[in-house]
file start_4.csv (CSV, C-alpha atoms)
chain,number,residue,atom,x,y,z
C,1,MET,CA,-4.2,25.9,-31.7
C,2,ALA,CA,-0.5,26.1,-31.0
C,3,SER,CA,0.8,26.1,-27.4
C,4,SER,CA,1.7,29.5,-26.0
C,5,ARG,CA,4.6,27.9,-24.0
C,6,PRO,CA,8.1,28.7,-25.2
C,7,PRO,CA,9.8,25.9,-27.2
C,8,VAL,CA,12.5,25.5,-24.4
C,9,ARG,CA,9.8,25.1,-21.8
C,10,ARG,CA,8.0,22.5,-23.9
C,11,ARG,CA,11.2,20.5,-24.4
C,12,GLN,CA,11.9,20.6,-20.6
C,13,GLU,CA,8.4,19.3,-19.9
C,14,LEU,CA,8.7,16.5,-22.4
C,15,ARG,CA,12.2,15.6,-21.0
C,16,TRP,CA,10.9,15.4,-17.4
C,17,SER,CA,7.8,13.4,-18.5
C,18,VAL,CA,10.1,10.8,-20.0
C,19,ALA,CA,12.4,10.9,-17.0
C,20,ALA,CA,9.4,10.3,-14.7
C,21,ASP,CA,8.5,7.2,-16.8
C,22,VAL,CA,12.1,5.9,-16.3
C,23,LEU,CA,11.9,6.4,-12.6
C,24,ARG,CA,8.5,4.8,-12.4
C,25,ALA,CA,10.0,1.8,-14.3
C,26,VAL,CA,12.8,1.6,-11.7
C,27,ARG,CA,10.2,1.3,-9.0
C,28,ARG,CA,8.4,-1.5,-10.8
C,29,GLU,CA,11.5,-3.4,-11.8
C,30,PRO,CA,14.2,-2.6,-9.3
C,31,GLU,CA,16.4,-5.5,-10.4
C,32,ALA,CA,16.0,-4.9,-14.1
C,33,SER,CA,19.1,-4.0,-16.2
C,34,ARG,CA,19.4,-0.7,-17.9
C,35,ALA,CA,19.0,-2.5,-21.3
C,36,ALA,CA,15.8,-4.2,-20.2
C,37,LEU,CA,14.3,-0.9,-19.0
C,38,THR,CA,15.3,0.7,-22.3
C,39,LYS,CA,13.4,-2.0,-24.2
C,40,SER,CA,10.3,-2.0,-21.9
C,41,LEU,CA,10.0,1.8,-22.3
C,42,HIS,CA,10.5,1.7,-26.1
C,43,LEU,CA,13.4,4.1,-26.0
C,44,SER,CA,16.5,4.2,-28.2
C,45,SER,CA,19.8,3.4,-26.5
C,46,GLY,CA,20.9,6.9,-27.3
C,47,THR,CA,17.9,8.5,-25.7
C,48,MET,CA,18.3,6.3,-22.6
C,49,THR,CA,22.0,7.3,-22.4
C,50,ASP,CA,21.2,11.0,-22.5
C,51,LEU,CA,18.4,10.5,-19.9
C,52,VAL,CA,20.6,8.6,-17.5
C,53,SER,CA,23.4,11.1,-17.8
C,54,ARG,CA,21.0,13.9,-17.0
C,55,LEU,CA,19.4,12.0,-14.1
C,56,GLN,CA,22.9,11.4,-12.6
C,57,THR,CA,23.8,15.0,-13.0
C,58,VAL,CA,20.8,16.2,-11.0
C,59,ARG,CA,21.3,13.5,-8.3
C,60,LEU,CA,18.3,11.3,-9.1
C,61,ILE,CA,19.8,8.0,-10.0
C,62,ASP,CA,23.1,6.2,-10.2
C,63,GLU,CA,24.3,3.1,-12.0
C,64,VAL,CA,25.8,-0.1,-10.6
C,65,ALA,CA,26.8,-3.3,-12.3
C,66,ALA,CA,23.9,-5.7,-13.0
C,67,THR,CA,24.0,-9.4,-12.2
C,68,PRO,CA,25.6,-11.2,-15.2
C,69,THR,CA,23.1,-13.3,-17.1
C,70,GLY,CA,25.3,-14.8,-19.8
C,71,ARG,CA,27.8,-13.8,-22.5
C,72,GLY,CA,28.1,-10.4,-23.9
C,73,ARG,CA,28.9,-6.9,-22.6
C,74,PRO,CA,28.0,-6.5,-18.9
C,75,SER,CA,24.9,-4.4,-18.3
C,76,THR,CA,24.2,-1.9,-15.5
C,77,ARG,CA,21.3,-1.3,-13.2
C,78,LEU,CA,19.7,2.0,-12.2
C,79,VAL,CA,19.6,2.7,-8.4
C,80,PRO,CA,18.8,5.7,-6.3
C,81,HIS,CA,21.5,8.4,-6.2
C,82,PRO,CA,23.1,8.6,-2.8
C,83,SER,CA,22.2,12.2,-2.5
C,84,GLY,CA,18.8,11.9,-4.2
C,85,PRO,CA,15.2,12.7,-3.1
C,86,LEU,CA,13.6,10.7,-0.3
C,87,VAL,CA,10.1,10.1,1.1
C,88,LEU,CA,9.0,9.2,4.6
C,89,ALA,CA,6.3,6.6,5.5
C,90,ALA,CA,4.6,5.9,8.8
C,91,GLU,CA,2.1,3.2,9.7
C,92,ILE,CA,-0.2,3.5,12.8
C,93,SER,CA,-2.0,0.2,13.5
C,94,ALA,CA,-3.8,-1.3,16.5
C,95,THR,CA,-0.6,-2.9,17.8
C,96,GLY,CA,1.9,-0.1,17.3
C,97,TRP,CA,3.7,2.1,14.8
C,98,ARG,CA,6.4,1.7,12.1
C,99,THR,CA,8.3,4.2,10.1
C,100,ALA,CA,10.5,3.9,7.0
C,101,LEU,CA,12.5,5.9,4.5
C,102,ALA,CA,12.6,5.3,0.8
C,103,GLY,CA,14.4,6.6,-2.3
C,104,VAL,CA,13.3,6.7,-5.9
C,105,ASP,CA,13.2,2.9,-6.2
C,106,GLY,CA,10.6,2.7,-3.4
C,107,ARG,CA,12.5,0.1,-1.3
C,108,LEU,CA,11.8,0.4,2.5
C,109,ALA,CA,14.9,1.4,4.4
C,110,GLU,CA,15.9,2.5,8.0
C,111,GLN,CA,12.7,1.1,9.5
C,112,HIS,CA,11.8,1.8,13.1
C,113,SER,CA,8.9,0.7,15.2
C,114,GLY,CA,7.3,1.0,18.6
C,115,GLU,CA,4.4,-0.2,20.7
C,116,HIS,CA,1.6,2.1,21.9
C,117,GLN,CA,2.0,3.2,25.5
C,118,ASP,CA,-1.6,4.2,25.5
C,119,TYR,CA,-4.2,5.0,22.8
C,120,SER,CA,-4.5,8.7,23.2
C,121,PRO,CA,-3.9,10.6,19.9
C,122,ALA,CA,-1.4,12.9,21.7
C,123,THR,CA,0.8,10.0,22.9
C,124,ILE,CA,0.8,8.1,19.6
C,125,LEU,CA,1.3,11.1,17.4
C,126,ALA,CA,4.1,12.3,19.7
C,127,ALA,CA,6.0,9.0,19.3
C,128,VAL,CA,5.5,8.8,15.6
C,129,GLY,CA,6.3,12.5,15.1
C,130,ALA,CA,9.6,12.1,17.0
C,131,ALA,CA,10.6,9.2,14.8
C,132,LEU,CA,9.8,11.2,11.7
C,133,GLU,CA,11.7,14.2,13.0
C,134,ASP,CA,14.8,12.1,13.4
C,135,TYR,CA,14.8,11.3,9.7
C,136,ARG,CA,14.3,15.0,8.9
C,137,ARG,CA,17.2,16.1,11.0
C,138,HIS,CA,19.5,13.7,9.2
C,139,TYR,CA,18.3,14.1,5.6
C,140,ARG,CA,16.9,17.7,5.7
C,141,ASP,CA,16.0,19.0,2.3
C,142,ARG,CA,16.1,15.6,0.6
C,143,ILE,CA,12.8,14.6,2.0
C,144,GLY,CA,10.0,15.6,-0.4
C,145,ALA,CA,6.9,14.1,1.3
C,146,THR,CA,5.5,12.2,4.3
C,147,SER,CA,2.9,9.5,3.8
C,148,VAL,CA,0.9,8.1,6.6
C,149,SER,CA,-1.0,4.8,6.8
C,150,LEU,CA,-3.6,4.5,9.5
C,151,ALA,CA,-6.1,1.8,10.6
C,152,GLY,CA,-9.2,4.0,10.2
C,153,THR,CA,-11.5,5.9,8.0
C,154,MET,CA,-9.7,8.9,6.5
C,155,ALA,CA,-10.8,12.2,4.9
C,156,GLY,CA,-7.8,14.1,3.8
C,157,THR,CA,-5.4,14.4,6.7
C,158,THR,CA,-8.1,13.8,9.3
C,159,VAL,CA,-9.0,10.5,11.0
C,160,VAL,CA,-12.8,10.5,10.8
C,161,GLN,CA,-13.1,7.3,12.8
C,162,SER,CA,-10.8,4.5,14.0
C,163,ALA,CA,-12.5,1.7,15.9
C,164,VAL,CA,-9.2,0.0,16.8
C,165,LEU,CA,-7.6,3.2,18.2
C,166,GLY,CA,-10.8,4.7,19.6
C,167,TRP,CA,-10.2,7.9,17.6
C,168,GLN,CA,-12.7,10.3,16.1
C,169,GLN,CA,-12.0,13.5,14.1
C,170,VAL,CA,-8.2,13.5,14.8
C,171,SER,CA,-5.9,15.7,12.6
C,172,LEU,CA,-2.6,14.2,11.5
C,173,ASP,CA,-1.3,17.5,10.2
C,174,ALA,CA,1.5,17.7,12.8
C,175,LEU,CA,3.2,14.6,11.3
C,176,GLY,CA,3.9,16.5,8.1
C,177,ALA,CA,6.0,19.2,9.8
C,178,GLY,CA,4.7,21.8,7.3
C,179,GLY,CA,5.7,19.8,4.2
C,180,LEU,CA,3.7,17.7,1.8
C,181,LEU,CA,1.6,15.2,3.9
C,182,LEU,CA,-0.5,12.3,2.5
C,183,CYS,CA,-2.8,10.2,4.7
C,184,ASN,CA,-4.7,7.1,3.7
C,185,ASN,CA,-6.4,4.0,5.1
C,186,ASP,CA,-4.0,1.1,5.7
C,187,ALA,CA,-6.0,-1.5,3.7
C,188,THR,CA,-6.3,0.9,0.8
C,189,LEU,CA,-2.6,1.4,0.7
C,190,ALA,CA,-2.1,-2.4,0.9
C,191,ALA,CA,-4.3,-2.6,-2.2
C,192,VAL,CA,-2.0,-0.1,-4.0
C,193,ALA,CA,1.1,-2.1,-3.0
C,194,GLU,CA,-0.3,-5.3,-4.3
C,195,ALA,CA,-1.5,-3.7,-7.5
C,196,ARG,CA,1.9,-2.1,-8.2
C,197,ARG,CA,4.5,-4.4,-6.7
C,198,GLY,CA,2.7,-7.5,-5.4
C,199,ALA,CA,0.5,-10.3,-6.4
C,200,ALA,CA,-1.9,-8.2,-8.5
C,201,ARG,CA,0.7,-6.3,-10.6
C,202,GLN,CA,-0.3,-8.0,-13.8
C,203,ALA,CA,-4.0,-7.1,-13.4
C,204,ARG,CA,-5.5,-3.9,-14.8
C,205,VAL,CA,-8.3,-3.9,-12.2
C,206,SER,CA,-7.8,-5.5,-8.8
C,207,THR,CA,-9.4,-5.6,-5.4
C,208,HIS,CA,-7.7,-6.3,-2.1
C,209,LEU,CA,-9.2,-7.4,1.3
C,210,MET,CA,-7.2,-7.1,4.5
C,211,VAL,CA,-8.6,-8.8,7.6
C,212,LEU,CA,-7.2,-7.9,11.0
C,213,SER,CA,-9.3,-6.5,13.8
C,214,GLY,CA,-11.9,-6.0,11.2
C,215,ALA,CA,-12.1,-6.0,7.4
C,216,GLY,CA,-10.9,-3.3,5.0
C,217,GLY,CA,-9.5,-3.0,1.5
C,218,GLY,CA,-9.3,-1.2,-1.7
C,219,SER,CA,-9.6,-1.4,-5.4
C,220,CYS,CA,-7.2,-0.2,-8.0
C,221,GLN,CA,-7.3,0.5,-11.8
C,222,ASP,CA,-4.0,0.6,-13.6
C,223,GLY,CA,-2.3,0.8,-10.2
C,224,GLU,CA,-4.3,3.9,-9.1
C,225,PRO,CA,-6.5,3.6,-6.0
C,226,ILE,CA,-10.2,4.4,-6.3
C,227,LEU,CA,-10.6,6.7,-3.4
C,228,GLY,CA,-14.1,8.1,-3.7
C,229,ALA,CA,-15.4,11.6,-3.3
C,230,THR,CA,-13.8,12.2,0.1
C,231,GLY,CA,-11.1,9.6,0.1
C,232,ALA,CA,-13.0,7.3,2.4
C,233,SER,CA,-14.1,4.6,-0.1
C,234,ALA,CA,-13.6,0.8,0.2
C,235,GLU,CA,-14.8,0.5,3.8
C,236,TYR,CA,-15.7,-3.0,3.0
C,237,GLY,CA,-16.0,-4.0,6.6
C,238,HIS,CA,-19.0,-1.7,6.9
C,239,LEU,CA,-21.0,-3.3,4.1
C,240,PRO,CA,-24.2,-4.8,5.6
C,241,LEU,CA,-22.9,-8.4,5.3
C,242,GLY,CA,-23.0,-9.2,9.0
C,243,ARG,CA,-25.7,-10.5,11.3
C,244,ALA,CA,-28.7,-8.3,11.4
C,245,GLY,CA,-29.3,-6.5,14.7
C,246,LEU,CA,-25.7,-6.5,15.9
C,247,GLN,CA,-24.3,-3.0,16.5
C,248,CYS,CA,-21.0,-2.2,14.9
C,249,SER,CA,-18.4,0.2,16.5
C,250,CYS,CA,-18.9,2.5,13.4
C,251,GLY,CA,-22.5,3.2,14.5
C,252,ALA,CA,-24.2,1.1,11.8
C,253,VAL,CA,-26.0,-2.2,12.4
C,254,GLY,CA,-25.2,-5.5,10.7
C,255,CYS,CA,-21.7,-4.6,9.3
C,256,TRP,CA,-19.4,-7.3,7.9
C,257,ASP,CA,-17.1,-6.4,10.8
C,258,VAL,CA,-19.5,-7.8,13.3
C,259,ASP,CA,-18.9,-11.3,11.8
C,260,LEU,CA,-15.4,-11.1,10.3
C,261,GLY,CA,-12.1,-10.4,11.9
C,262,ALA,CA,-10.2,-10.7,15.2
C,263,ARG,CA,-12.7,-8.5,17.1
C,264,ALA,CA,-15.7,-10.7,16.1
C,265,MET,CA,-13.8,-13.9,16.7
C,266,ALA,CA,-12.5,-12.8,20.1
C,267,ARG,CA,-16.1,-12.0,21.0
C,268,ASP,CA,-17.5,-15.3,19.9
C,269,LEU,CA,-14.7,-17.2,21.6
C,270,GLU,CA,-15.1,-15.1,24.8
C,271,LEU,CA,-11.4,-14.3,24.9
C,272,GLU,CA,-10.4,-12.0,27.7
C,273,LEU,CA,-8.3,-9.3,26.3
C,274,ALA,CA,-6.8,-6.0,27.6
C,275,GLY,CA,-7.4,-4.0,24.4
C,276,PRO,CA,-7.5,-4.0,20.6
C,277,ALA,CA,-3.7,-4.6,20.3
C,278,GLN,CA,-4.3,-8.1,21.8
C,279,GLU,CA,-7.2,-9.1,19.5
C,280,VAL,CA,-5.2,-10.0,16.4
C,281,THR,CA,-2.3,-11.7,18.4
C,282,ALA,CA,-4.7,-13.8,20.5
C,283,VAL,CA,-6.8,-14.9,17.5
C,284,ARG,CA,-3.7,-15.8,15.5
C,285,GLU,CA,-2.4,-17.9,18.3
C,286,TRP,CA,-5.8,-19.6,18.6
C,287,LEU,CA,-5.9,-20.3,14.8
C,288,ALA,CA,-2.3,-21.7,14.9
C,289,GLY,CA,-3.7,-24.5,17.0
C,290,GLN,CA,-6.4,-25.5,14.5
C,291,ASP,CA,-6.3,-28.7,12.5
C,292,PRO,CA,-7.1,-28.0,8.8
C,293,ASP,CA,-8.7,-31.4,8.6
C,294,ALA,CA,-11.1,-30.5,11.4
C,295,PRO,CA,-11.4,-26.7,11.9
C,296,ALA,CA,-13.5,-25.3,14.7
C,297,ALA,CA,-17.0,-24.1,14.0
C,298,GLU,CA,-15.9,-20.5,14.6
C,299,THR,CA,-13.2,-20.8,12.0
C,300,ARG,CA,-15.6,-22.4,9.5
C,301,ALA,CA,-18.1,-19.6,10.1
C,302,GLN,CA,-15.5,-16.9,9.5
C,303,ALA,CA,-14.2,-18.6,6.4
C,304,ALA,CA,-17.7,-18.8,5.0
C,305,SER,CA,-18.3,-15.2,5.8
C,306,LEU,CA,-15.0,-14.3,4.0
C,307,GLY,CA,-16.0,-16.2,0.9
C,308,ARG,CA,-19.5,-14.8,0.8
C,309,GLY,CA,-18.3,-11.3,1.2
C,310,LEU,CA,-15.5,-11.6,-1.4
C,311,ALA,CA,-18.1,-12.9,-3.9
C,312,GLY,CA,-20.2,-9.8,-3.2
C,313,LEU,CA,-17.2,-7.6,-3.9
C,314,VAL,CA,-16.5,-9.4,-7.1
C,315,ASN,CA,-20.1,-9.0,-8.2
C,316,ALA,CA,-20.1,-5.3,-7.4
C,317,LEU,CA,-16.5,-4.3,-8.5
C,318,ASP,CA,-15.7,-6.7,-11.4
C,319,PRO,CA,-12.0,-7.1,-10.6
C,320,GLU,CA,-9.7,-9.3,-12.8
C,321,LEU,CA,-8.0,-10.5,-9.6
C,322,VAL,CA,-8.5,-10.4,-5.8
C,323,THR,CA,-5.8,-10.4,-3.2
C,324,ILE,CA,-6.2,-11.2,0.5
C,325,SER,CA,-4.0,-10.6,3.5
C,326,GLY,CA,-3.9,-10.7,7.3
C,327,LEU,CA,-6.2,-13.3,8.9
C,328,ALA,CA,-8.0,-13.8,5.6
C,329,THR,CA,-5.2,-16.0,4.3
C,330,GLU,CA,-5.2,-18.1,7.5
C,331,LEU,CA,-9.0,-18.5,7.5
C,332,ARG,CA,-9.1,-19.7,3.9
C,333,ARG,CA,-6.2,-22.1,4.5
C,334,LEU,CA,-7.8,-23.7,7.5
C,335,ALA,CA,-11.4,-23.9,6.1
C,336,ALA,CA,-10.8,-24.0,2.4
C,337,GLY,CA,-14.0,-26.0,1.7
C,338,ASP,CA,-16.2,-23.6,3.6
C,339,PHE,CA,-14.6,-20.6,1.8
C,340,ASP,CA,-14.8,-22.1,-1.6
C,341,ALA,CA,-18.4,-23.2,-1.2
C,342,ALA,CA,-19.6,-19.8,0.1
C,343,PHE,CA,-17.6,-17.9,-2.6
C,344,ALA,CA,-19.1,-20.0,-5.4
C,345,GLN,CA,-22.6,-19.8,-4.1
C,346,ALA,CA,-22.6,-16.1,-3.7
C,347,LEU,CA,-21.2,-15.3,-7.2
C,348,MET,CA,-23.5,-14.4,-10.0
C,349,SER,CA,-24.1,-17.5,-12.0
C,350,TYR,CA,-22.4,-16.3,-15.1
C,351,ARG,CA,-19.2,-15.7,-13.1
C,352,ARG,CA,-18.9,-19.2,-11.7
C,353,SER,CA,-17.3,-20.8,-14.7
C,354,SER,CA,-14.4,-18.4,-14.6
C,355,PRO,CA,-14.2,-16.5,-11.3
C,356,PRO,CA,-11.3,-14.1,-10.7
C,357,PRO,CA,-8.4,-15.7,-8.9
C,358,VAL,CA,-8.2,-15.1,-5.2
C,359,LEU,CA,-4.5,-14.9,-4.3
C,360,ASP,CA,-2.6,-14.5,-1.1
C,361,ALA,CA,-1.0,-11.1,-0.9
C,362,ALA,CA,2.7,-11.0,-1.7
C,363,LEU,CA,3.7,-8.1,0.5
C,364,ASN,CA,1.3,-8.9,3.5
C,365,GLN,CA,2.4,-6.9,6.6
C,366,ASP,CA,4.6,-4.6,4.5
C,367,GLY,CA,1.7,-3.7,2.2
C,368,PRO,CA,0.5,-0.5,4.0
C,369,LEU,CA,4.0,1.0,4.2
C,370,VAL,CA,4.9,0.1,0.6
C,371,GLY,CA,1.6,1.6,-0.6
C,372,ALA,CA,2.3,4.8,1.4
C,373,VAL,CA,5.7,5.1,-0.2
C,374,GLU,CA,4.2,4.5,-3.7
C,375,LEU,CA,1.7,7.4,-3.4
C,376,ALA,CA,4.4,9.7,-1.9
C,377,LEU,CA,6.8,9.0,-4.8
C,378,ASP,CA,4.0,9.7,-7.3
C,379,GLN,CA,4.1,13.3,-6.0
C,380,VAL,CA,7.9,13.6,-5.5
C,381,LEU,CA,8.8,12.1,-8.9
C,382,SER,CA,6.1,13.8,-11.0
C,383,PRO,CA,7.5,15.8,-14.0
C,384,ALA,CA,6.8,19.1,-12.2
C,385,ALA,CA,8.5,18.0,-9.0
C,386,LEU,CA,11.5,16.6,-10.9
C,387,SER,CA,11.9,20.0,-12.7
C,388,ARG,CA,11.9,21.7,-9.3
C,389,TRP,CA,14.5,19.2,-7.9
C,390,ALA,CA,16.7,20.0,-10.8
C,391,GLY,CA,16.5,23.8,-10.1
C,392,GLU,CA,14.6,24.7,-13.2
C,393,ASP,CA,11.6,26.3,-11.4
call {"tool": "encode", "arguments": {"input": "start_4.csv", "output": "structure tokens"}}
result
Amino acid sequence: MASSRPPVRRRQELRWSVAADVLRAVRREPEASRAALTKSLHLSSGTMTDLVSRLQTVRLIDEVAATPTGRGRPSTRLVPHPSGPLVLAAEISATGWRTALAGVDGRLAEQHSGEHQDYSPATILAAVGAALEDYRRHYRDRIGATSVSLAGTMAGTTVVQSAVLGWQQVSLDALGAGGLLLCNNDATLAAVAEARRGAARQARVSTHLMVLSGAGGGSCQDGEPILGATGASAEYGHLPLGRAGLQCSCGAVGCWDVDLGARAMARDLELELAGPAQEVTAVREWLAGQDPDAPAAETRAQAASLGRGLAGLVNALDPELVTISGLATELRRLAAGDFDAAFAQALMSYRRSSPPPVLDAALNQDGPLVGAVELALDQVLSPAALSRWAGED
């Protein structure tokens, strides 16, 4: 059955769909030449020329000289237009907050940060909101979305629970200032960042684990996060992989978090800390003094727990590749033997001959912000959004 849309409308939709593919490629390969992008997108040089001209006219991209790679005519590189659309990103963690601005290439710019004065939602949201408002005052209508990363369980724009912040049922709506607001768990966003721009970018299906105060993560397929029915999937730290009988801050018993992460290690080492902001710092300092040839019993126990749990995730999720960040990389480095043995023993036998690689994250501490930017740009640079930006709607 023929489409009822007018031919002009269909041509516009197709044009913006191809334009969205070009802009997505710029995010994936920010240093690639125009010629290389033309080839990777299977476009003719004439089609690419027309697209670039159109995208420049509507203030989406600009061209600059590419780094010379040899003889021949110099090529160009596509970069964000100086008056083009922008997205805002904010990260709220146990230790403080960060904000950043990004254009169509997804690069983090104009970053700001601060430490928490206290852990009340009102205080933290006021500080983050003020930082975001500064961007909005300066860039006004160019900002198309705000994307927030938070260390906690999320459902839409509500923090269902955050153990490290002590929050329950806290709305983040005020951070959006009435515009498009996206909110996600920090470890899930780190998974998106690694899948699209980090160590897992060549894998179709990947799983990420981030260990800080506790454990969290996410899985992606073709660069898209698997969020679950309410957006609260991948709470890996609350799988029953910990010691039976130990109460977790989430309300469950025996969670992986009671054995893995800075909170568990600080408890086992009987470190005296003023609050959750000090847990990760104190444990990192303690780990820095460890000898990889003779790691402490606590380090070995955590590395074994890490390996055992990751094997469980592999058995359940079947990723091509696993990435780890935060304390996980340090634990594996310090007690590699314990990690490797626990990982191999807990894998299903048929997987042991060719287990998925477990790689250190490439983006590490920038992962949550990069992931937040990525999901925001998905919205701002969709074909429909590009048409609106160009004034066609």
call {"tool": "closest_residue", "arguments": {"input": "start_4.csv", "among": "C:Gly217, C:Pro225, C:Pro121, C:Pro383", "to": "Val159 of chain C", "atoms": "all atoms listed in the file"}}
result
C:Pro121
call {"tool": "atom_distance", "arguments": {"input": "start_4.csv", "atom1": "atom CA of Thr146 of chain C", "atom2": "atom CA of Leu182 of chain C"}}
result
6.3 Å
call {"tool": "residues_around", "arguments": {"input": "start_4.csv", "residues": "Thr207 of chain C", "least_positions_apart": "2", "cutoff": "8 Å", "atoms": "all atoms listed in the file", "output": "short mmCIF file (atom, residue, chain, number, x, y, z; two decimals) with C-alpha atoms, in the frame of the given file"}}
result
data_model
loop_
_atom_site.label_atom_id
_atom_site.label_comp_id
_atom_site.auth_asym_id
_atom_site.auth_seq_id
_atom_site.Cartn_x
_atom_site.Cartn_y
_atom_site.Cartn_z
CA ALA C 191 -4.30 -2.60 -2.20
CA VAL C 205 -8.30 -3.90 -12.20
CA LEU C 209 -9.20 -7.40 1.30
CA GLY C 217 -9.50 -3.00 1.50
CA GLY C 218 -9.30 -1.20 -1.70
CA SER C 219 -9.60 -1.40 -5.40
CA CYS C 220 -7.20 -0.20 -8.00
CA LEU C 317 -16.50 -4.30 -8.50
CA PRO C 319 -12.00 -7.10 -10.60
CA LEU C 321 -8.00 -10.50 -9.60
CA VAL C 322 -8.50 -10.40 -5.80
CA THR C 323 -5.80 -10.40 -3.20
#
call {"tool": "closest_residue", "arguments": {"input": "start_4.csv", "among": "C:Gly223, C:Gly326, C:Gly307, C:Gly114", "to": "Asp366 of chain C", "atoms": "only C-alpha atoms"}}
result
C:Gly326
call {"tool": "residues_around", "arguments": {"input": "start_4.csv", "residues": "Leu60 of chain C", "least_positions_apart": "2", "cutoff": "6 Å", "atoms": "only C-alpha atoms", "output": "number ranges by chain"}}
result
C: 55-56, 58, 81, 84
call {"tool": "residues_around", "arguments": {"input": "start_4.csv", "residues": "Trp167 of chain C", "least_positions_apart": "2", "cutoff": "12 Å", "atoms": "all atoms listed in the file", "output": "number ranges by chain"}}
result
C: 92-94, 119-122, 124-125, 150-154, 158-165, 169-172, 249-250
call {"tool": "residues_around", "arguments": {"input": "start_4.csv", "residues": "Thr281 of chain C", "least_positions_apart": "3", "cutoff": "12 Å", "atoms": "all atoms listed in the file", "output": "PyMOL selection string"}}
result
chain C and resi 94-95+212-213+261-263+265-266+271+273-278+284-288+326-327
call {"tool": "residues_near_point", "arguments": {"input": "start_4.csv", "point": "(-16.2, -19.8, 13.5)", "cutoff": "10 Å", "atoms": "all atoms listed in the file", "output": "VMD selection string"}}
result
chain C and resid 259 to 260 264 to 265 268 to 269 295 to 305 331 335
call {"tool": "atom_distance", "arguments": {"input": "start_4.csv", "atom1": "atom CA of Ala203 of chain C", "atom2": "atom CA of Leu241 of chain C"}}
result
26.6 Å
call {"tool": "atom_distance", "arguments": {"input": "start_4.csv", "atom1": "atom CA of Thr329 of chain C", "atom2": "atom CA of Val283 of chain C"}}
result
13.3 Å
call {"tool": "closest_residue", "arguments": {"input": "start_4.csv", "among": "C:Ser206, C:Leu175, C:Ser353, C:Leu369", "to": "Ala109 of chain C", "atoms": "only C-alpha atoms"}}
result
C:Leu369
call {"tool": "residues_around", "arguments": {"input": "start_4.csv", "residues": "Asp141 of chain C", "least_positions_apart": "6", "cutoff": "12 Å", "atoms": "all atoms listed in the file", "output": "list in words"}}
result
Ser83, Gly84, Pro85, Leu86, Val87, Tyr135, Gly179 and Trp389 of chain C
call {"tool": "decode", "arguments": {"input": "start_4.csv", "residues": "segment 54-63 of chain C", "atoms": "N, CA, C and O atoms", "output": "PDB file, in the first residue's frame"}}
result
ATOM      1  N   ARG C  54      24.175  21.136   2.886  1.00  0.00           N
ATOM      2  CA  ARG C  54      22.907  21.347   3.584  1.00  0.00           C
ATOM      3  C   ARG C  54      23.133  21.457   5.089  1.00  0.00           C
ATOM      4  O   ARG C  54      22.562  22.335   5.761  1.00  0.00           O
ATOM      5  N   LEU C  55      23.961  20.599   5.644  1.00  0.00           N
ATOM      6  CA  LEU C  55      24.213  20.607   7.084  1.00  0.00           C
ATOM      7  C   LEU C  55      24.939  21.878   7.517  1.00  0.00           C
ATOM      8  O   LEU C  55      24.727  22.373   8.629  1.00  0.00           O
ATOM      9  N   GLN C  56      25.764  22.415   6.660  1.00  0.00           N
ATOM     10  CA  GLN C  56      26.412  23.692   6.965  1.00  0.00           C
ATOM     11  C   GLN C  56      25.397  24.837   6.938  1.00  0.00           C
ATOM     12  O   GLN C  56      25.415  25.715   7.807  1.00  0.00           O
ATOM     13  N   THR C  57      24.500  24.801   5.970  1.00  0.00           N
ATOM     14  CA  THR C  57      23.505  25.871   5.828  1.00  0.00           C
ATOM     15  C   THR C  57      22.601  25.959   7.061  1.00  0.00           C
ATOM     16  O   THR C  57      22.253  27.060   7.504  1.00  0.00           O
ATOM     17  N   VAL C  58      22.255  24.808   7.621  1.00  0.00           N
ATOM     18  CA  VAL C  58      21.346  24.810   8.773  1.00  0.00           C
ATOM     19  C   VAL C  58      22.116  24.765  10.104  1.00  0.00           C
ATOM     20  O   VAL C  58      21.555  24.439  11.149  1.00  0.00           O
ATOM     21  N   ARG C  59      23.401  25.077  10.062  1.00  0.00           N
ATOM     22  CA  ARG C  59      24.213  25.227  11.282  1.00  0.00           C
ATOM     23  C   ARG C  59      24.312  23.935  12.100  1.00  0.00           C
ATOM     24  O   ARG C  59      24.189  23.936  13.313  1.00  0.00           O
ATOM     25  N   LEU C  60      24.589  22.839  11.412  1.00  0.00           N
ATOM     26  CA  LEU C  60      24.795  21.580  12.122  1.00  0.00           C
ATOM     27  C   LEU C  60      26.263  21.170  12.142  1.00  0.00           C
ATOM     28  O   LEU C  60      26.765  20.724  13.172  1.00  0.00           O
ATOM     29  N   ILE C  61      26.948  21.325  11.035  1.00  0.00           N
ATOM     30  CA  ILE C  61      28.371  20.982  10.996  1.00  0.00           C
ATOM     31  C   ILE C  61      29.141  22.042  10.235  1.00  0.00           C
ATOM     32  O   ILE C  61      28.572  22.884   9.537  1.00  0.00           O
ATOM     33  N   ASP C  62      30.465  21.967  10.367  1.00  0.00           N
ATOM     34  CA  ASP C  62      31.380  22.802   9.611  1.00  0.00           C
ATOM     35  C   ASP C  62      32.516  21.899   9.152  1.00  0.00           C
ATOM     36  O   ASP C  62      32.592  20.728   9.559  1.00  0.00           O
ATOM     37  N   GLU C  63      33.379  22.413   8.312  1.00  0.00           N
ATOM     38  CA  GLU C  63      34.514  21.633   7.820  1.00  0.00           C
ATOM     39  C   GLU C  63      35.825  22.326   8.164  1.00  0.00           C
ATOM     40  O   GLU C  63      35.924  23.555   8.088  1.00  0.00           O
TER      41      GLU C  63
END
